[in-house]
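Notes follow the structure.
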Number of protein chains: 2
Amino acid sequence: MPRQKITTPEIIGIAINIFRNNGYHGTSMARLAKACGLMKGSFYNHFTSKEDILLVTIKSLNDYLNERIFKIAYDNELMPGERLQKMLDKLSHVLRSDQGGCLVGNMTLELYNSSNEFKACLEKYFQDWLNAFVHVFSEKYKSKKALKLAQLSIQEFEGAVMMGRIFKNDELIKDTIQNITARV
Amino acid sequence: MPRQKITTPEIIGIAINIFRNNGYHGTSMARLAKACGLMKGSFYNHFTSKEDILLVTIKSLNDYLNERIFKIAYDNELMPGERLQKMLDKLSHVLRSDQGGCLVGNMTLELYNSSNEFKACLEKYFQDWLNAFVHVFSEKYKSKKALKLAQLSIQEFEGAVMMGRIFKNDELIKDTIQNITARV
DNA sequence: GTCTATATCAAGATAGAC
DNA sequence: GTCTATCTTGATATAGAC
């Protein structure tokens, strides 16, 4: 057996960037493989299919955000406004427009109608995000209003990341974060 | 010659809906053809290629919005706030989330890095939108601030349309419109 | 202008050697 | 675990009859 060239987690990190910049159908197995220094046939030792790669990749990103960012929503040592600010700052680094923006947002528009497994995976990602924001807004608002503000904030943030590709203006994401944090 | 089954403008109307619901790569020529009651070979009498169909479709939507919606920005018989409100109401009907949202927003995420011709086409669409909104905000704000608010408003609106697919909540687009119109 | 082939090609996936 | 080679499919596009 030849030595292992790359680990599955390393592949996932590369796949995130290629998928979010080029879309699902715009990314071929050959292209993914080349970026990993492999031949496309070798990919099937790590994943069962192309669809599997994307699903694993999204779940991995989902886990990362839960552990590193959304957890902050429940940190009682910080004020609600500080939690929101900290989460949004971190999100703006992970979901940078000039790096292709939000993988899951992009995939939602491309694949939402394609399969129930994708749909469930995409919805879980946004549900976890929503839960975190609702928790923070709940400290100041009643549950119905908190839900509405959380949805509105995610909408605005995703819009900023998405349109950042067209309007090359770094200030806009900052303004969006400011508008959101001003609510709590 | 058999009689003409469908006109090119009719095809464009159908193509908009299929593309925005299923994405560019997720839409095959056969599927487009079937929806038009044609065989896929017949499509090449109307368009030179699949890429051509999308470009013509986007340009057609662009023209429609310019003539029917963005024109309102320059209607001196209405107050600036009324113009903004009227445009946003009309946009929310044309770009409904439950109909696949904004074709051009969706295509931006899928195809922005694929070809310069697409990129130019997508950018023109948003530029025309931006010009209209900047014009309205300019009645109350200085040019730099007007530009910023126009970009922010488009971001928020696109975000609302996009996330409307995930959060099935009709109130959110209304809240977004209210936030935008409150600025002028 | 539409149809029925068909050419062509790209891409996902598999088999078997090393 | 990776490679080369190959299978198979689905999709764009073309040719030519009606």
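Identifiers in the structure tokens: chain A, B, ... in order shown; residue index from 1 per chain; ligand index from 1 in order shown.
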Inset, instruction - Find the residues of chain A in contact range of chain B, meaning any atom within 10 Å when counting only C-alpha atoms, and list them as a ChimeraX atom specification. - result: /A:19-26,100-103,105-114,119,122-123,126-127,130,148-149,151-167,169,171-173,175-176
Inset, instruction - Compile the residues of chain D that lie within 8 Å of chain A, evaluated using only C-alpha atoms (C1' of nucleotides), and express the compilation as a ChimeraX atom specification. - result: /D:1-3
Apply DSSP to the structure's backbone, then extract all residues of range 86-164 of chain B labelled helix (DSSP H, G or I) and return them as an mmCIF file with N, CA, C and O atoms, in the first residue's frame.
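So part10.cif came out as:
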```
data_model
loop_
_atom_site.group_PDB
_atom_site.id
_atom_site.type_symbol
_atom_site.label_atom_id
_atom_site.label_comp_id
_atom_site.auth_asym_id
_atom_site.auth_seq_id
_atom_site.Cartn_x
_atom_site.Cartn_y
_atom_site.Cartn_z
ATOM 1 N N LYS B 86 -43.593 51.426 -3.783
ATOM 2 C CA LYS B 86 -44.216 50.861 -4.983
ATOM 3 C C LYS B 86 -43.277 49.880 -5.683
ATOM 4 O O LYS B 86 -43.684 48.789 -6.103
ATOM 5 N N MET B 87 -42.014 50.252 -5.782
ATOM 6 C CA MET B 87 -41.044 49.365 -6.430
ATOM 7 C C MET B 87 -40.872 48.068 -5.627
ATOM 8 O O MET B 87 -40.851 46.973 -6.198
ATOM 9 N N LEU B 88 -40.759 48.208 -4.331
ATOM 10 C CA LEU B 88 -40.538 47.017 -3.493
ATOM 11 C C LEU B 88 -41.751 46.080 -3.515
ATOM 12 O O LEU B 88 -41.600 44.851 -3.551
ATOM 13 N N ASP B 89 -42.930 46.657 -3.511
ATOM 14 C CA ASP B 89 -44.133 45.823 -3.590
ATOM 15 C C ASP B 89 -44.159 45.036 -4.892
ATOM 16 O O ASP B 89 -44.447 43.833 -4.910
ATOM 17 N N LYS B 90 -43.847 45.724 -5.975
ATOM 18 C CA LYS B 90 -43.857 45.039 -7.276
ATOM 19 C C LYS B 90 -42.756 43.983 -7.336
ATOM 20 O O LYS B 90 -42.965 42.872 -7.837
ATOM 21 N N LEU B 91 -41.584 44.324 -6.825
ATOM 22 C CA LEU B 91 -40.481 43.358 -6.821
ATOM 23 C C LEU B 91 -40.840 42.110 -6.023
ATOM 24 O O LEU B 91 -40.508 40.988 -6.414
ATOM 25 N N SER B 92 -41.540 42.319 -4.911
ATOM 26 C CA SER B 92 -41.865 41.159 -4.077
ATOM 27 C C SER B 92 -42.842 40.214 -4.772
ATOM 28 O O SER B 92 -42.909 39.037 -4.438
ATOM 29 N N HIS B 93 -43.586 40.748 -5.746
ATOM 30 C CA HIS B 93 -44.452 39.863 -6.520
ATOM 31 C C HIS B 93 -43.677 39.125 -7.610
ATOM 32 O O HIS B 93 -43.877 37.941 -7.829
ATOM 33 N N VAL B 94 -42.788 39.846 -8.268
ATOM 34 C CA VAL B 94 -42.034 39.241 -9.370
ATOM 35 C C VAL B 94 -41.013 38.221 -8.866
ATOM 36 O O VAL B 94 -40.784 37.190 -9.499
ATOM 37 N N SER B 97 -40.404 34.110 -3.332
ATOM 38 C CA SER B 97 -39.611 32.973 -2.852
ATOM 39 C C SER B 97 -40.243 31.642 -3.240
ATOM 40 O O SER B 97 -39.550 30.708 -3.636
ATOM 41 N N ASP B 98 -41.554 31.571 -3.140
ATOM 42 C CA ASP B 98 -42.202 30.289 -3.423
ATOM 43 C C ASP B 98 -42.261 29.987 -4.920
ATOM 44 O O ASP B 98 -42.703 28.917 -5.323
ATOM 45 N N GLN B 99 -41.792 30.924 -5.722
ATOM 46 C CA GLN B 99 -41.676 30.684 -7.165
ATOM 47 C C GLN B 99 -40.220 30.528 -7.577
ATOM 48 O O GLN B 99 -39.889 30.593 -8.763
ATOM 49 N N LEU B 103 -34.203 34.976 -10.062
ATOM 50 C CA LEU B 103 -33.393 34.234 -11.030
ATOM 51 C C LEU B 103 -31.945 34.687 -11.007
ATOM 52 O O LEU B 103 -31.023 33.868 -10.957
ATOM 53 N N VAL B 104 -31.751 35.999 -11.037
ATOM 54 C CA VAL B 104 -30.395 36.520 -11.187
ATOM 55 C C VAL B 104 -29.578 36.321 -9.911
ATOM 56 O O VAL B 104 -28.390 36.001 -9.962
ATOM 57 N N GLY B 105 -30.236 36.465 -8.760
ATOM 58 C CA GLY B 105 -29.549 36.168 -7.509
ATOM 59 C C GLY B 105 -29.088 34.718 -7.481
ATOM 60 O O GLY B 105 -27.942 34.409 -7.149
ATOM 61 N N ASN B 106 -29.972 33.825 -7.860
ATOM 62 C CA ASN B 106 -29.625 32.399 -7.878
ATOM 63 C C ASN B 106 -28.476 32.117 -8.845
ATOM 64 O O ASN B 106 -27.540 31.389 -8.525
ATOM 65 N N MET B 107 -28.575 32.683 -10.025
ATOM 66 C CA MET B 107 -27.543 32.442 -11.039
ATOM 67 C C MET B 107 -26.206 33.050 -10.618
ATOM 68 O O MET B 107 -25.147 32.526 -10.949
ATOM 69 N N THR B 108 -26.269 34.158 -9.867
ATOM 70 C CA THR B 108 -25.028 34.776 -9.401
ATOM 71 C C THR B 108 -24.214 33.796 -8.579
ATOM 72 O O THR B 108 -23.008 33.641 -8.765
ATOM 73 N N LEU B 109 -24.891 33.102 -7.672
ATOM 74 C CA LEU B 109 -24.169 32.176 -6.810
ATOM 75 C C LEU B 109 -23.685 30.951 -7.578
ATOM 76 O O LEU B 109 -22.659 30.380 -7.268
ATOM 77 N N GLU B 110 -24.433 30.571 -8.598
ATOM 78 C CA GLU B 110 -24.048 29.354 -9.321
ATOM 79 C C GLU B 110 -23.006 29.608 -10.413
ATOM 80 O O GLU B 110 -22.168 28.757 -10.684
ATOM 81 N N LEU B 111 -23.089 30.776 -11.058
ATOM 82 C CA LEU B 111 -22.300 30.975 -12.280
ATOM 83 C C LEU B 111 -21.332 32.139 -12.275
ATOM 84 O O LEU B 111 -20.679 32.400 -13.283
ATOM 85 N N ASN B 116 -17.076 35.297 -18.292
ATOM 86 C CA ASN B 116 -17.143 36.756 -18.222
ATOM 87 C C ASN B 116 -18.447 37.299 -18.785
ATOM 88 O O ASN B 116 -18.926 38.338 -18.360
ATOM 89 N N GLU B 117 -19.003 36.589 -19.739
ATOM 90 C CA GLU B 117 -20.250 37.067 -20.329
ATOM 91 C C GLU B 117 -21.386 36.995 -19.304
ATOM 92 O O GLU B 117 -22.195 37.913 -19.177
ATOM 93 N N PHE B 118 -21.441 35.881 -18.567
ATOM 94 C CA PHE B 118 -22.427 35.772 -17.490
ATOM 95 C C PHE B 118 -22.219 36.877 -16.465
ATOM 96 O O PHE B 118 -23.152 37.565 -16.067
ATOM 97 N N LYS B 119 -20.982 37.012 -16.062
ATOM 98 C CA LYS B 119 -20.638 37.976 -15.029
ATOM 99 C C LYS B 119 -21.108 39.381 -15.420
ATOM 100 O O LYS B 119 -21.736 40.080 -14.617
ATOM 101 N N ALA B 120 -20.834 39.764 -16.650
ATOM 102 C CA ALA B 120 -21.223 41.094 -17.119
ATOM 103 C C ALA B 120 -22.741 41.242 -17.112
ATOM 104 O O ALA B 120 -23.285 42.287 -16.740
ATOM 105 N N CYS B 121 -23.419 40.185 -17.515
ATOM 106 C CA CYS B 121 -24.881 40.203 -17.584
ATOM 107 C C CYS B 121 -25.493 40.330 -16.196
ATOM 108 O O CYS B 121 -26.439 41.100 -15.980
ATOM 109 N N LEU B 122 -24.968 39.582 -15.254
ATOM 110 C CA LEU B 122 -25.459 39.619 -13.876
ATOM 111 C C LEU B 122 -25.191 40.995 -13.260
ATOM 112 O O LEU B 122 -26.040 41.565 -12.559
ATOM 113 N N GLU B 123 -24.018 41.528 -13.545
ATOM 114 C CA GLU B 123 -23.666 42.822 -12.952
ATOM 115 C C GLU B 123 -24.522 43.951 -13.502
ATOM 116 O O GLU B 123 -24.886 44.872 -12.766
ATOM 117 N N LYS B 124 -24.857 43.878 -14.780
ATOM 118 C CA LYS B 124 -25.714 44.923 -15.351
ATOM 119 C C LYS B 124 -27.088 44.926 -14.678
ATOM 120 O O LYS B 124 -27.641 45.984 -14.361
ATOM 121 N N TYR B 125 -27.621 43.743 -14.464
ATOM 122 C CA TYR B 125 -28.921 43.612 -13.808
ATOM 123 C C TYR B 125 -28.929 44.328 -12.462
ATOM 124 O O TYR B 125 -29.800 45.144 -12.175
ATOM 125 N N PHE B 126 -27.922 44.042 -11.649
ATOM 126 C CA PHE B 126 -27.880 44.670 -10.323
ATOM 127 C C PHE B 126 -27.504 46.142 -10.406
ATOM 128 O O PHE B 126 -27.918 46.946 -9.565
ATOM 129 N N GLN B 127 -26.756 46.509 -11.434
ATOM 130 C CA GLN B 127 -26.398 47.915 -11.591
ATOM 131 C C GLN B 127 -27.642 48.763 -11.892
ATOM 132 O O GLN B 127 -27.804 49.853 -11.346
ATOM 133 N N ASP B 128 -28.515 48.245 -12.742
ATOM 134 C CA ASP B 128 -29.754 48.972 -13.070
ATOM 135 C C ASP B 128 -30.633 49.126 -11.825
ATOM 136 O O ASP B 128 -31.241 50.177 -11.598
ATOM 137 N N TRP B 129 -30.699 48.072 -11.048
ATOM 138 C CA TRP B 129 -31.449 48.098 -9.793
ATOM 139 C C TRP B 129 -30.832 49.143 -8.856
ATOM 140 O O TRP B 129 -31.534 49.988 -8.278
ATOM 141 N N LEU B 130 -29.519 49.071 -8.747
ATOM 142 C CA LEU B 130 -28.807 49.997 -7.864
ATOM 143 C C LEU B 130 -29.036 51.450 -8.282
ATOM 144 O O LEU B 130 -29.324 52.315 -7.439
ATOM 145 N N ASN B 131 -28.937 51.726 -9.552
ATOM 146 C CA ASN B 131 -29.133 53.103 -10.045
ATOM 147 C C ASN B 131 -30.494 53.653 -9.634
ATOM 148 O O ASN B 131 -30.614 54.806 -9.219
ATOM 149 N N ALA B 132 -31.515 52.819 -9.767
ATOM 150 C CA ALA B 132 -32.867 53.254 -9.420
ATOM 151 C C ALA B 132 -32.962 53.613 -7.943
ATOM 152 O O ALA B 132 -33.501 54.671 -7.573
ATOM 153 N N PHE B 133 -32.435 52.742 -7.110
ATOM 154 C CA PHE B 133 -32.526 52.977 -5.660
ATOM 155 C C PHE B 133 -31.654 54.161 -5.237
ATOM 156 O O PHE B 133 -32.047 54.954 -4.374
ATOM 157 N N VAL B 134 -30.489 54.284 -5.842
ATOM 158 C CA VAL B 134 -29.615 55.422 -5.517
ATOM 159 C C VAL B 134 -30.336 56.728 -5.843
ATOM 160 O O VAL B 134 -30.296 57.684 -5.065
ATOM 161 N N HIS B 135 -31.014 56.735 -6.973
ATOM 162 C CA HIS B 135 -31.728 57.952 -7.367
ATOM 163 C C HIS B 135 -32.746 58.373 -6.301
ATOM 164 O O HIS B 135 -32.849 59.553 -5.954
ATOM 165 N N VAL B 136 -33.478 57.411 -5.787
ATOM 166 C CA VAL B 136 -34.480 57.731 -4.763
ATOM 167 C C VAL B 136 -33.819 58.206 -3.461
ATOM 168 O O VAL B 136 -34.211 59.228 -2.892
ATOM 169 N N PHE B 137 -32.818 57.482 -3.027
ATOM 170 C CA PHE B 137 -32.156 57.870 -1.763
ATOM 171 C C PHE B 137 -31.439 59.222 -1.900
ATOM 172 O O PHE B 137 -31.249 59.924 -0.908
ATOM 173 N N SER B 143 -24.619 61.774 -1.929
ATOM 174 C CA SER B 143 -24.411 60.669 -2.865
ATOM 175 C C SER B 143 -23.736 59.447 -2.227
ATOM 176 O O SER B 143 -24.123 58.305 -2.513
ATOM 177 N N LYS B 144 -22.775 59.657 -1.381
ATOM 178 C CA LYS B 144 -22.072 58.513 -0.791
ATOM 179 C C LYS B 144 -23.013 57.696 0.098
ATOM 180 O O LYS B 144 -23.062 56.470 0.025
ATOM 181 N N LYS B 145 -23.754 58.414 0.918
ATOM 182 C CA LYS B 145 -24.709 57.750 1.815
ATOM 183 C C LYS B 145 -25.845 57.090 1.011
ATOM 184 O O LYS B 145 -26.309 55.995 1.360
ATOM 185 N N ALA B 146 -26.270 57.768 -0.038
ATOM 186 C CA ALA B 146 -27.345 57.217 -0.878
ATOM 187 C C ALA B 146 -26.911 55.894 -1.512
ATOM 188 O O ALA B 146 -27.684 54.930 -1.560
ATOM 189 N N LEU B 147 -25.679 55.849 -1.961
ATOM 190 C CA LEU B 147 -25.157 54.618 -2.564
ATOM 191 C C LEU B 147 -25.130 53.491 -1.535
ATOM 192 O O LEU B 147 -25.572 52.367 -1.797
ATOM 193 N N LYS B 148 -24.658 53.828 -0.359
ATOM 194 C CA LYS B 148 -24.566 52.823 0.690
ATOM 195 C C LYS B 148 -25.953 52.276 1.063
ATOM 196 O O LYS B 148 -26.142 51.066 1.199
ATOM 197 N N LEU B 149 -26.910 53.172 1.204
ATOM 198 C CA LEU B 149 -28.260 52.730 1.566
ATOM 199 C C LEU B 149 -28.896 51.902 0.453
ATOM 200 O O LEU B 149 -29.631 50.952 0.707
ATOM 201 N N ALA B 150 -28.626 52.277 -0.775
ATOM 202 C CA ALA B 150 -29.180 51.520 -1.900
ATOM 203 C C ALA B 150 -28.611 50.104 -1.915
ATOM 204 O O ALA B 150 -29.355 49.123 -2.073
ATOM 205 N N GLN B 151 -27.307 49.991 -1.717
ATOM 206 C CA GLN B 151 -26.689 48.659 -1.683
ATOM 207 C C GLN B 151 -27.248 47.840 -0.526
ATOM 208 O O GLN B 151 -27.599 46.671 -0.687
ATOM 209 N N LEU B 152 -27.342 48.472 0.621
ATOM 210 C CA LEU B 152 -27.864 47.789 1.810
ATOM 211 C C LEU B 152 -29.292 47.298 1.570
ATOM 212 O O LEU B 152 -29.652 46.174 1.938
ATOM 213 N N SER B 153 -30.092 48.124 0.935
ATOM 214 C CA SER B 153 -31.488 47.756 0.696
ATOM 215 C C SER B 153 -31.604 46.563 -0.259
ATOM 216 O O SER B 153 -32.423 45.666 -0.050
ATOM 217 N N ILE B 154 -30.794 46.566 -1.298
ATOM 218 C CA ILE B 154 -30.825 45.449 -2.243
ATOM 219 C C ILE B 154 -30.339 44.171 -1.560
ATOM 220 O O ILE B 154 -30.930 43.103 -1.725
ATOM 221 N N GLN B 155 -29.289 44.294 -0.790
ATOM 222 C CA GLN B 155 -28.787 43.151 -0.017
ATOM 223 C C GLN B 155 -29.873 42.546 0.849
ATOM 224 O O GLN B 155 -30.064 41.336 0.881
ATOM 225 N N GLU B 156 -30.555 43.419 1.580
ATOM 226 C CA GLU B 156 -31.573 42.937 2.503
ATOM 227 C C GLU B 156 -32.735 42.302 1.752
ATOM 228 O O GLU B 156 -33.279 41.280 2.167
ATOM 229 N N PHE B 157 -33.100 42.909 0.637
ATOM 230 C CA PHE B 157 -34.212 42.362 -0.138
ATOM 231 C C PHE B 157 -33.839 41.002 -0.744
ATOM 232 O O PHE B 157 -34.618 40.046 -0.664
ATOM 233 N N GLU B 158 -32.664 40.912 -1.321
ATOM 234 C CA GLU B 158 -32.222 39.634 -1.888
ATOM 235 C C GLU B 158 -32.107 38.570 -0.788
ATOM 236 O O GLU B 158 -32.455 37.407 -0.998
ATOM 237 N N GLY B 159 -31.622 38.975 0.364
ATOM 238 C CA GLY B 159 -31.531 38.041 1.489
ATOM 239 C C GLY B 159 -32.896 37.523 1.890
ATOM 240 O O GLY B 159 -33.078 36.335 2.160
ATOM 241 N N ALA B 160 -33.867 38.428 1.902
ATOM 242 C CA ALA B 160 -35.225 38.033 2.281
ATOM 243 C C ALA B 160 -35.810 37.040 1.283
ATOM 244 O O ALA B 160 -36.408 36.028 1.660
ATOM 245 N N VAL B 161 -35.610 37.325 0.007
ATOM 246 C CA VAL B 161 -36.132 36.434 -1.036
ATOM 247 C C VAL B 161 -35.453 35.067 -0.969
ATOM 248 O O VAL B 161 -36.097 34.023 -1.069
ATOM 249 N N MET B 162 -34.151 35.090 -0.763
ATOM 250 C CA MET B 162 -33.378 33.854 -0.693
ATOM 251 C C MET B 162 -33.770 33.013 0.520
ATOM 252 O O MET B 162 -34.072 31.822 0.402
ATOM 253 N N MET B 163 -33.787 33.640 1.686
ATOM 254 C CA MET B 163 -34.071 32.877 2.904
ATOM 255 C C MET B 163 -35.548 32.556 3.058
ATOM 256 O O MET B 163 -35.917 31.711 3.872
#
```
Legend entry - 8 Å contacts from chain A to chain C using only C-alpha atoms (C1' of nucleotides), as a list in words: Met1, Ser28, Met29, Ser49 and Lys50 of chain A
